[in-house]
Amino acid sequence: MVRALALLYEATGGGAWRNNLKWLSGEPCVDGWFGVHCCPQALPVLRGDDECTADGGGATGVLTTQGSAACHSGSVTGTALDLATCVVVKVLLPSNNLIGSLDGALCELPFLQQLDLSGNALTGSLPSAADCLPRLTYLDLTQTRSWDDEGGVTGRVPEWLLDRLDFMAPLNLANNAFDDPTAAESAVAISRIWQHCQTLGAEGCSGVPPIGCSAFNRQGQRYEVELDGLGCVRCPTPLEIFGIAGGMAGIVLLLMLLVFVYTRFVRKYPEHAKTHVATIMILVGHLQTLTIIGSLQLGWPLIIQQILASINLPLMGYIPIPCILTDPVLKALLSYAETAIVLLPLVGAWLVAWCRREAGAEYFLSVLFSLLFTVGLRVSVTLFMRYDEDQTRLIIARLVAPLLWLFWLFLLRRFHWLLREARMTAESAAAAKAKAAAAEAALAPTGRIEMGEYVMVNGRRGKITSDDGTDNPYKVTYDNGEVSGWLYPHDVTRATGAEAARVARAEAVPLQKEARGAAEAVRYLTERYDSDDGLGGARWPLRSQWQLVVWARQGLLFLVSFAMDCVMWFSPYEALRTARFVFAALAIAVLGGFWRLQARRQPYAMRQQHWLETFLYAVDILAIVGACVYGALTHDGTVQDGSMRLAFELGLGALLGASVLGAVLVVGFDMARERQLIRKWVPPFLPSIDVPIVAALGDGTVRLIDCAWLLDSARSDKQLPRVTKVVARLASNEPTSVLIRRLAKHCETSSICITVETASAASPVRLRWSRWWWTPSSPPEAAALAEIKLEDWSSAGHTPRHMPSVGHMNTVVVTFHLSTFDEVAPLTAAGLRSKAEAVKERLAELGAEGIKIVVEKHFLPRCQDVPPEAFLSPERAVVLFEDRRRGVKVVTYCWRVAGMADPDGGSLEKIRGYLMKVARGGVGDRGLFVDFACIPQIFAWPSWHAPEAFSRRFGAEVSEGPHTVLKFKWERVATEDEAQVCVDKLVTLCEQQRWELVSIAEFKSLGLSSRDHVSVLFHGRYVTGAYRFDKGASTEGYVRFRTEGDAEKARHNPKLVDMCGGKEPELMGEHVFENELKFKRGLSVMGCLYASATGTCVLQLTDPPGKLGHDGAPSELVSERTGTVFILELQKLQKLEKLEKSFKELQKTLQIDLGGKSLEELRKELQEVLQMNLGGKSLEELQEALRKELSLEELQKSLRKELGDGVLACEKGSWGKVVMRVDDETAARAARSLNEGGYPLRRKDRKVYPMYNLRPYGSRGWPTFETSAASIVLAHLRQLKRRKKALPPLIAQAEASSPKLINIDVIGAPREVVVAQSPEHLLRQCKKNLRSKRICFTSGSDMKVVVQLLLDFEDLISVEVDRKRAKHLKPRTEDLVCARIQRTKELGEARRSRDLKLLLRLPFHEEPMPTLHVMPKTTVATKARADDSDLIA
């Protein structure tokens, strides 16, 4: 005892103490050393501060002494043989200037119970002996140093002190320099100190968690207690704070980016939800489970525990807020920050989902909840178990934390309700659909229909009145008494069930819509799991509800962890080791139970996913066992045996790392394997590519030109039209624009087709003036024209460049380019000859000289104008295609003028030249496909002509056929069943009004034979030759009536107009209707035509127009001398035309829907509607304003204000287009160089482009698509050859017959095109190019059409890929065939849904399709008529 105190005196510089009274003199208990308190040896235990007792209880003891003779034993004191009868129980030396180390001192005082050395400057470490101070209950080592000063007690908190924590009160270690509290070696000590001090508070502890961390401050390093009080955090330097802030901002942004990418990826590629996404989410669920397991106090290695905790994103733990804020109230408020960060986004997402009730909001809420589920559980536990000196704040925290749990339970309950509702609505919709199917099946005659039984035939009701009895035909007498012809059983349906079937469909559609909405709301919860159908059935728990099972697993593990924390909180340290094994067993039981449940239900679609889940369950259980073993053997990491600790830590780390790495490798391998399959893609010969072509050729939708006829000049040259011009010489001193306009009106042509240039040698002409008019001496018929008054341009402020001097006449050469500008309909050789003769006669009337009709190269007109003899019969065309020798030559080239693909005949000349070379080889029949000439074109006149100009300019009879078809537009629907309900409404209306419908399938060329006798088409489009419903298609539809009268009545019927949104349907002739659908069907198979590996050979015409700067444009379209033709799209004109159209439609609607109103009331109502557009004017003023604004004269004046007399000609086209000829050298050069900045009249609100398209082949939309379709086949063939695999026999035969892709537009011999890219790259590049700005389309709507065709073609050739992918995925079900079929269907639907979204994002300029009206046949005038002056005026 004396030696221990002497060591303390010597070690701490006792000579310099403020008070060292009697130290080292005599015996401390006898002589009363300063600060030393003793008790009798028989009463060594203190009770309170100064009462000595035998065992701390029992009878009243004696007071402690500071030197007493009673402690003298009679022996000599102060020696090693201390025979004193008292023991030292307290050493109290506060603020006594002790300077030095305590190492080795005081340990020989076994009865010391209170030690107060506060306020001194102690250094060194505490004694480390295990039996040091075994009865210590009071320790105060608080120092006077600042955190950045030297000194303080250092080293680890000794084990003997930790063992005495349960008896220690108080424990004051503030302002010392113990070892780093954040190190692994200090973790156990910090945990035990926290457990002890969190019940004592600031009065019982200081400098240690949860009160503070000043006991660990070392020079240059400061520590503050964490907000939850569980540990200490090192305070960073200012530079480190900025780094941490930047890192936190980066982490938050990265998380937001990951959530966005995940959500976007899954919604864009739903086909991956059950495969790669589900596998990734298995890994994420495993990581979340590990974070909960890591929170169990099982004795984890600190580094592993920290890694597992960081997965849960303790963002507030990364920010050193305690180092920044010192106010306890602010610290308490910030402890709620993390809870708010988790809770507020979820509450906001829930409120949005609850208010808006949209599937997208529900999806986002599900994703957010899944991400924050385990994070919220950790935050709630942290808040519940936080330490606060203020009991009120502590109670509030413990009340707030359960609110987060309740909100979690509320959301789980809500998700469960949504899942149940989705399932119930799906079952109701399925039952309703089955009912509708049964009702429709009942319509089909299953047996003989009896005589007199009522039936329905194309919407008409009647009864069976005749029965053949042999071939099963019937005759039906309709209700109006009319008797039908012989009808077969498939032509009739029983009348009794038709209405029931419609009612059943109408009832099923709302249920299906509701089911789709409910399914979309829970899409995130169900999309990654297999359906409940098939093997296993709908047993509990449902596979579609497996996300709830995952959350239940994590929730139960969280409860185990929370219960363990509570037990550890209130239990002594010695009981913790027993408790940890109990809770570890509970966690293993939870994991084992869910493991068994997962193995029984198998919720995932792929077998490897179940193997991965099983592996991860095993890893979780092994990790728990390993943590328990590590904690037991290393005493929670306090054992310093480096090799054993390292072995366990490496083992656990390797186990957890291998699980994560294994899951990542599984995902990566699946994705790489699938990518490899996609790269291999499909063989180039697929029956699915050729079947649509055969059907279209056989029906006559797509025609093939007979190459033998084309090469036989004796036959073809007489029937093919030729480039036709009428050239004449005129003497004139008029402005060129005036002359052109006068000639156009007199000769009944467009002004655009006329070019005027000065003759090389002018000849004098005798003049007779009459107001700027010249009168030729002959012919006499022209004398009447002498008095015509022309516009005085000088009075308008114009000084035309082309006005000659007075008294002198110039001779000009006038050329009418009839074929280039499509000045006759139909555009045939005979039509052009007739038109040329008529123009020649009219020019002769004006005294023109040297009139010649010039004919040049032949060209192919549009399909409707090609002679029937030019085409192969459909039967021959099919045989030629199926011969598999690439006998069908398909041309890909550039249309140079909209509506006139080959204005100068250059393309046909090159095609003929190539075919002539091939014909010398004598390899059999050949057919030629040129889209312009082989697919019926939808326009009936050139696209730049205004509809009202047709009857005046062309004068040819064109029959539309009976006007029995209505084209209507309806609301957009999402499913085929909804479209059928719309059709049912229309059919019901027709039955009520007794309008007889006729089957559209009678038109064999439309390919509708599979639809039986359907009389209404709605919300569909042609996909590779087959008409099918498409939710992304136009909402237009067609209905065919038997008589024109019924069609006309239906057109004006108010109910039908209301169904069409107030817009009156368009009446069409049957020929126009058939032509329109044939065009659409022909377009839909173009991709197959160019891609067929064995049936077609693709011929490329890359020039003209060729490269930029290539001067190959016809002079009538691009010329410095005669002007350049431009097309100008005016937004104002488009709006005015739309307004005029609305004006007329509104008038008709109001007239139909009088409703007891007077005509004056209707006029006022109409005026109120239109005043918003043109201001407060009267109805007459509005009509006059529209007429004036839309007139050609006003357009000409407006254009001439900007260009002056540079506008040589101007024509108003359809839908806001104006075609003008501009006389300007700069404009011509701009057109040749594609310099849009040099185009005239270019403004922000206008679109200007040359009529002649000089863009090169590679920057055109249609050629890009056509070449890509053919190149994909070449890429497949190249891959097969490179792998040295034998080509299939049919492909080998085709390869031996002809190359697949040939460029016939190169110098010398035609050259075979070689493709080096992969098929996948070609398709991806083609998609990218078609949507880029560098690709030009002739029409504003062509981009969407071409992209749609490419996507349809991709969908067609991807079927085989989908099958291979479905096989590769290895479905878990035993019914592999059904599973693979279902998977293939899902892949196709996902791809089509993605394609639809792509199409909706494309710019689309819808233009009304021109409809040709029936005109009486007229004779082209050869002489001036009496009304010529009116026309000219």
# chains A, B, ... in the order shown; residues from 1 in each chain; ligands from 1

$ select_by_dssp --residues "stretch 272-379 of chain A" --states "alpha helix (DSSP H)" --output "number ranges by chain"
A: 278-294, 302-311, 315-318, 321-324, 328-334, 337-356, 359-379

$ residues_around --residues "A:Arg972" --least-positions-apart "6" --cutoff "8 Å" --atoms "only C-alpha atoms" --output "PyMOL selection string"
chain A and resi 1019+1031+1035

$ write_last_selection --atoms "all heavy atoms" --output "tab-separated table (two decimals), in the first residue's frame"
chain	number	residue	atom	x	y	z
A	1019	HIS	N	-59.19	1.63	-86.47
A	1019	HIS	CA	-58.01	1.67	-85.58
A	1019	HIS	C	-57.01	0.55	-85.91
A	1019	HIS	O	-56.45	-0.08	-85.03
A	1019	HIS	CB	-58.44	1.54	-84.13
A	1019	HIS	CG	-57.62	2.36	-83.18
A	1019	HIS	ND1	-56.26	2.20	-83.05
A	1019	HIS	CD2	-57.96	3.35	-82.33
A	1019	HIS	CE1	-55.81	3.04	-82.15
A	1019	HIS	NE2	-56.81	3.77	-81.70
A	1031	LYS	N	-52.74	-0.09	-81.47
A	1031	LYS	CA	-53.13	1.04	-80.64
A	1031	LYS	C	-52.37	2.31	-81.00
A	1031	LYS	O	-52.79	3.41	-80.61
A	1031	LYS	CB	-52.93	0.72	-79.16
A	1031	LYS	CG	-51.50	0.50	-78.74
A	1031	LYS	CD	-51.44	0.19	-77.25
A	1031	LYS	CE	-50.02	-0.03	-76.77
A	1031	LYS	NZ	-49.98	-0.34	-75.32
A	1035	THR	N	-56.56	6.85	-85.82
A	1035	THR	CA	-57.90	6.51	-85.32
A	1035	THR	C	-58.94	6.53	-86.44
A	1035	THR	O	-60.14	6.54	-86.16
A	1035	THR	CB	-58.32	7.51	-84.23
A	1035	THR	OG1	-58.27	8.84	-84.76
A	1035	THR	CG2	-57.39	7.41	-83.04

$ residues_around --residues "stretch 176-188 of chain A" --least-positions-apart "4" --cutoff "6 Å" --atoms "only C-alpha atoms" --output "list of chain:residue names"
A:Gly152, A:Val153, A:Thr154, A:Gly155, A:Arg156, A:Ala215, A:Phe216, A:Asn217, A:Arg218, A:Leu302

$ write_last_selection --atoms "C-alpha atoms" --output "compact mmCIF listing (two decimals), in the first residue's frame"
# COMPACT_ATOMS: atom_id res chain seq x y z
CA GLY A 152 -3.71 13.47 -21.18
CA VAL A 153 -4.05 9.81 -20.36
CA THR A 154 -3.32 7.77 -23.45
CA GLY A 155 -3.54 4.17 -24.56
CA ARG A 156 -6.48 1.81 -24.56
CA ALA A 215 -11.60 11.43 -23.40
CA PHE A 216 -10.15 10.58 -26.82
CA ASN A 217 -8.99 13.97 -28.02
CA ARG A 218 -5.38 14.01 -29.03
CA LEU A 302 -15.64 -3.95 -37.22

$ atom_distance --atom1 "atom CA of A:Gly151" --atom2 "atom CA of A:Pro134"
26.5 Å

$ residues_around --residues "A:Pro320" --least-positions-apart "2" --cutoff "10 Å" --atoms "only C-alpha atoms" --output "JSON list (two decimals) with N, CA, C and O atoms, in the first residue's frame"
[["chain", "number", "residue", "atom", "x", "y", "z"],
["A", 223, "TYR", "N", -12.65, 14.68, -31.30],
["A", 223, "TYR", "CA", -13.76, 13.75, -31.46],
["A", 223, "TYR", "C", -14.99, 14.32, -30.77],
["A", 223, "TYR", "O", -14.90, 14.94, -29.70],
["A", 224, "GLU", "N", -16.12, 14.11, -31.41],
["A", 224, "GLU", "CA", -17.40, 14.49, -30.82],
["A", 224, "GLU", "C", -18.33, 13.28, -30.90],
["A", 224, "GLU", "O", -18.20, 12.43, -31.78],
["A", 225, "VAL", "N", -19.26, 13.25, -29.95],
["A", 225, "VAL", "CA", -20.18, 12.13, -29.91],
["A", 225, "VAL", "C", -21.16, 12.24, -31.07],
["A", 225, "VAL", "O", -21.56, 13.34, -31.49],
["A", 226, "GLU", "N", -21.52, 11.09, -31.62],
["A", 226, "GLU", "CA", -22.47, 11.07, -32.72],
["A", 226, "GLU", "C", -23.84, 11.53, -32.24],
["A", 226, "GLU", "O", -24.13, 11.54, -31.04],
["A", 227, "LEU", "N", -24.70, 11.90, -33.23],
["A", 227, "LEU", "CA", -26.02, 12.38, -32.86],
["A", 227, "LEU", "C", -26.83, 11.34, -32.10],
["A", 227, "LEU", "O", -27.62, 11.68, -31.22],
["A", 233, "VAL", "N", -17.25, 10.43, -33.48],
["A", 233, "VAL", "CA", -16.91, 10.77, -34.85],
["A", 233, "VAL", "C", -15.72, 11.71, -34.82],
["A", 233, "VAL", "O", -15.64, 12.62, -33.98],
["A", 234, "ARG", "N", -14.79, 11.46, -35.71],
["A", 234, "ARG", "CA", -13.61, 12.30, -35.78],
["A", 234, "ARG", "C", -13.95, 13.58, -36.53],
["A", 234, "ARG", "O", -14.55, 13.54, -37.59],
["A", 235, "CYS", "N", -13.59, 14.69, -35.98],
["A", 235, "CYS", "CA", -13.88, 15.97, -36.60],
["A", 235, "CYS", "C", -12.84, 16.25, -37.69],
["A", 235, "CYS", "O", -11.64, 16.29, -37.40],
["A", 236, "PRO", "N", -13.30, 16.43, -38.90],
["A", 236, "PRO", "CA", -12.34, 16.65, -40.00],
["A", 236, "PRO", "C", -11.84, 18.10, -40.02],
["A", 236, "PRO", "O", -12.40, 18.99, -39.38],
["A", 241, "ILE", "N", -13.87, 18.79, -44.72],
["A", 241, "ILE", "CA", -15.31, 19.05, -44.69],
["A", 241, "ILE", "C", -15.82, 19.35, -46.10],
["A", 241, "ILE", "O", -16.88, 18.85, -46.52],
["A", 244, "ILE", "N", -15.97, 16.10, -47.94],
["A", 244, "ILE", "CA", -17.11, 15.28, -47.52],
["A", 244, "ILE", "C", -18.40, 15.82, -48.12],
["A", 244, "ILE", "O", -19.27, 15.06, -48.59],
["A", 245, "ALA", "N", -18.55, 17.15, -48.09],
["A", 245, "ALA", "CA", -19.77, 17.75, -48.67],
["A", 245, "ALA", "C", -19.89, 17.42, -50.16],
["A", 245, "ALA", "O", -20.97, 17.05, -50.64],
["A", 316, "MET", "N", -26.51, 10.83, -42.84],
["A", 316, "MET", "CA", -26.21, 11.77, -41.75],
["A", 316, "MET", "C", -24.99, 11.36, -40.97],
["A", 316, "MET", "O", -24.34, 12.18, -40.33],
["A", 317, "GLY", "N", -24.67, 10.06, -40.99],
["A", 317, "GLY", "CA", -23.48, 9.60, -40.30],
["A", 317, "GLY", "C", -22.20, 10.02, -40.97],
["A", 317, "GLY", "O", -21.14, 10.08, -40.34],
["A", 318, "TYR", "N", -22.28, 10.32, -42.27],
["A", 318, "TYR", "CA", -21.09, 10.75, -42.99],
["A", 318, "TYR", "C", -20.80, 12.24, -42.77],
["A", 318, "TYR", "O", -19.68, 12.70, -43.00],
["A", 322, "PRO", "N", -21.99, 16.95, -35.45],
["A", 322, "PRO", "CA", -21.61, 17.28, -34.06],
["A", 322, "PRO", "C", -20.38, 18.17, -33.96],
["A", 322, "PRO", "O", -20.22, 18.89, -32.97],
["A", 323, "CYS", "N", -19.52, 18.09, -34.95],
["A", 323, "CYS", "CA", -18.33, 18.94, -34.92],
["A", 323, "CYS", "C", -18.65, 20.36, -35.32],
["A", 323, "CYS", "O", -17.88, 21.29, -35.04],
["A", 324, "ILE", "N", -19.77, 20.54, -36.02],
["A", 324, "ILE", "CA", -20.14, 21.87, -36.50],
["A", 324, "ILE", "C", -21.07, 22.57, -35.52],
["A", 324, "ILE", "O", -20.95, 23.76, -35.26],
["A", 325, "LEU", "N", -22.01, 21.79, -34.94],
["A", 325, "LEU", "CA", -22.98, 22.35, -34.00],
["A", 325, "LEU", "C", -22.65, 21.87, -32.60],
["A", 325, "LEU", "O", -22.31, 20.71, -32.38]]

$ select_by_dssp --residues "stretch 785-930 of chain A" --states "strand (DSSP E)" --output "ChimeraX atom specification"
/A:810-817,849-858,888-892,927-929

$ write_last_selection --atoms "N, CA, C and O atoms" --output "compact mmCIF listing (two decimals), in the first residue's frame"
# COMPACT_ATOMS: atom_id res chain seq x y z
N ASN A 810 -39.15 41.85 -128.16
CA ASN A 810 -38.19 40.75 -128.07
C ASN A 810 -38.87 39.45 -128.43
O ASN A 810 -40.05 39.22 -128.15
N THR A 811 -38.10 38.57 -129.02
CA THR A 811 -38.59 37.22 -129.30
C THR A 811 -38.14 36.30 -128.17
O THR A 811 -36.96 36.24 -127.85
N VAL A 812 -39.10 35.66 -127.57
CA VAL A 812 -38.81 34.78 -126.44
C VAL A 812 -39.20 33.34 -126.81
O VAL A 812 -40.08 33.12 -127.65
N VAL A 813 -38.50 32.43 -126.20
CA VAL A 813 -38.80 31.00 -126.39
C VAL A 813 -39.62 30.54 -125.20
O VAL A 813 -39.16 30.63 -124.05
N VAL A 814 -40.79 30.07 -125.45
CA VAL A 814 -41.71 29.60 -124.41
C VAL A 814 -41.76 28.08 -124.47
O VAL A 814 -41.93 27.51 -125.55
N THR A 815 -41.59 27.46 -123.30
CA THR A 815 -41.61 25.99 -123.24
C THR A 815 -42.62 25.55 -122.19
O THR A 815 -42.59 26.02 -121.04
N PHE A 816 -43.52 24.65 -122.61
CA PHE A 816 -44.48 24.02 -121.69
C PHE A 816 -43.97 22.63 -121.34
O PHE A 816 -43.92 21.76 -122.22
N HIS A 817 -43.57 22.42 -120.11
CA HIS A 817 -43.04 21.13 -119.67
C HIS A 817 -44.20 20.31 -119.12
O HIS A 817 -44.46 20.28 -117.91
N GLU A 849 -44.87 31.28 -133.17
CA GLU A 849 -44.18 30.73 -134.32
C GLU A 849 -43.28 29.58 -133.89
O GLU A 849 -42.85 29.50 -132.74
N GLY A 850 -43.00 28.74 -134.88
CA GLY A 850 -42.07 27.64 -134.63
C GLY A 850 -42.54 26.70 -133.53
O GLY A 850 -41.72 26.23 -132.73
N ILE A 851 -43.83 26.45 -133.49
CA ILE A 851 -44.37 25.61 -132.40
C ILE A 851 -43.99 24.15 -132.67
O ILE A 851 -44.25 23.62 -133.75
N LYS A 852 -43.37 23.55 -131.70
CA LYS A 852 -42.95 22.15 -131.84
C LYS A 852 -43.32 21.36 -130.58
O LYS A 852 -43.31 21.90 -129.48
N ILE A 853 -43.66 20.14 -130.81
CA ILE A 853 -43.85 19.19 -129.70
C ILE A 853 -42.59 18.34 -129.62
O ILE A 853 -42.28 17.58 -130.53
N VAL A 854 -41.87 18.50 -128.54
CA VAL A 854 -40.60 17.81 -128.35
C VAL A 854 -40.80 16.65 -127.39
O VAL A 854 -41.32 16.83 -126.29
N VAL A 855 -40.44 15.48 -127.82
CA VAL A 855 -40.51 14.29 -126.95
C VAL A 855 -39.09 13.77 -126.75
O VAL A 855 -38.29 13.73 -127.69
N GLU A 856 -38.83 13.35 -125.51
CA GLU A 856 -37.48 12.89 -125.18
C GLU A 856 -37.57 11.49 -124.59
O GLU A 856 -38.25 10.63 -125.15
N LYS A 857 -36.91 11.24 -123.49
CA LYS A 857 -36.81 9.89 -122.94
C LYS A 857 -38.15 9.40 -122.40
O LYS A 857 -39.00 10.18 -121.98
N HIS A 858 -38.27 8.07 -122.40
CA HIS A 858 -39.43 7.46 -121.76
C HIS A 858 -39.25 7.48 -120.24
O HIS A 858 -38.13 7.50 -119.74
N VAL A 888 -36.74 -11.40 -109.32
CA VAL A 888 -37.45 -10.13 -109.16
C VAL A 888 -36.41 -9.06 -108.84
O VAL A 888 -35.72 -9.14 -107.82
N LYS A 889 -36.30 -8.10 -109.73
CA LYS A 889 -35.35 -7.01 -109.55
C LYS A 889 -36.07 -5.84 -108.88
O LYS A 889 -37.06 -5.32 -109.40
N VAL A 890 -35.57 -5.47 -107.71
CA VAL A 890 -36.17 -4.39 -106.91
C VAL A 890 -35.24 -3.20 -106.95
O VAL A 890 -34.05 -3.32 -106.65
N VAL A 891 -35.76 -2.05 -107.31
CA VAL A 891 -34.95 -0.85 -107.51
C VAL A 891 -35.07 0.05 -106.29
O VAL A 891 -36.18 0.32 -105.80
N THR A 892 -33.93 0.50 -105.80
CA THR A 892 -33.90 1.54 -104.77
C THR A 892 -33.24 2.77 -105.37
O THR A 892 -32.12 2.69 -105.88
N GLY A 927 -38.92 -10.06 -113.32
CA GLY A 927 -39.89 -9.02 -113.02
C GLY A 927 -39.18 -7.85 -112.39
O GLY A 927 -38.12 -7.98 -111.76
N LEU A 928 -39.73 -6.67 -112.57
CA LEU A 928 -39.13 -5.44 -112.07
C LEU A 928 -40.09 -4.75 -111.11
O LEU A 928 -41.28 -4.59 -111.42
N PHE A 929 -39.55 -4.37 -109.95
CA PHE A 929 -40.35 -3.62 -108.98
C PHE A 929 -39.74 -2.23 -108.82
O PHE A 929 -38.60 -2.08 -108.40

$ closest_residue --among "A:Tyr474, A:Trp147, A:Trp33, A:Phe111" --to "A:Asp55" --atoms "only C-alpha atoms"
A:Phe111

$ closest_residue --among "A:Glu1389, A:Gln554, A:Ala361, A:Ala441" --to "A:Gly517" --atoms "only C-alpha atoms"
A:Ala361

$ residues_around --residues "A:Lys22" --least-positions-apart "6" --cutoff "12 Å" --atoms "only C-alpha atoms" --output "MDAnalysis selection string"
chainID A and resid 6 9 14:15 28:36 66:67 78

$ residues_around --residues "stretch 746-761 of chain A" --least-positions-apart "2" --cutoff "8 Å" --atoms "only C-alpha atoms" --output "ChimeraX atom specification"
/A:729,736,740-744,763,810-818,820-821,823,838-839,842-843,952-954,1116,1121-1123,1125,1209-1211,1219-1221,1428,1431-1432

$ atom_distance --atom1 "atom CA of A:Asp49" --atom2 "atom CA of A:His37"
10.4 Å

$ closest_atom_pairs --of "stretch 200-297 of chain A" --to "stretch 389-408 of chain A" --cutoff "9 Å" --atoms "only C-alpha atoms" --output "tab-separated table"
residue	atom	partner	partner_atom	distance
A:Gly201	CA	A:Glu389	CA	6.5
A:Ala202	CA	A:Glu389	CA	7.1
A:Ile211	CA	A:Glu389	CA	8.1

$ write_last_selection --atoms "C-alpha atoms" --output "CSV table (one decimal), in the first residue's frame"
chain,number,residue,atom,x,y,z
A,201,GLY,CA,-26.3,10.5,-17.8
A,202,ALA,CA,-24.0,13.5,-17.6
A,211,ILE,CA,-22.1,12.1,-23.1

$ atom_distance --atom1 "atom CA of A:Glu649" --atom2 "atom CA of A:Thr614"
23.7 Å
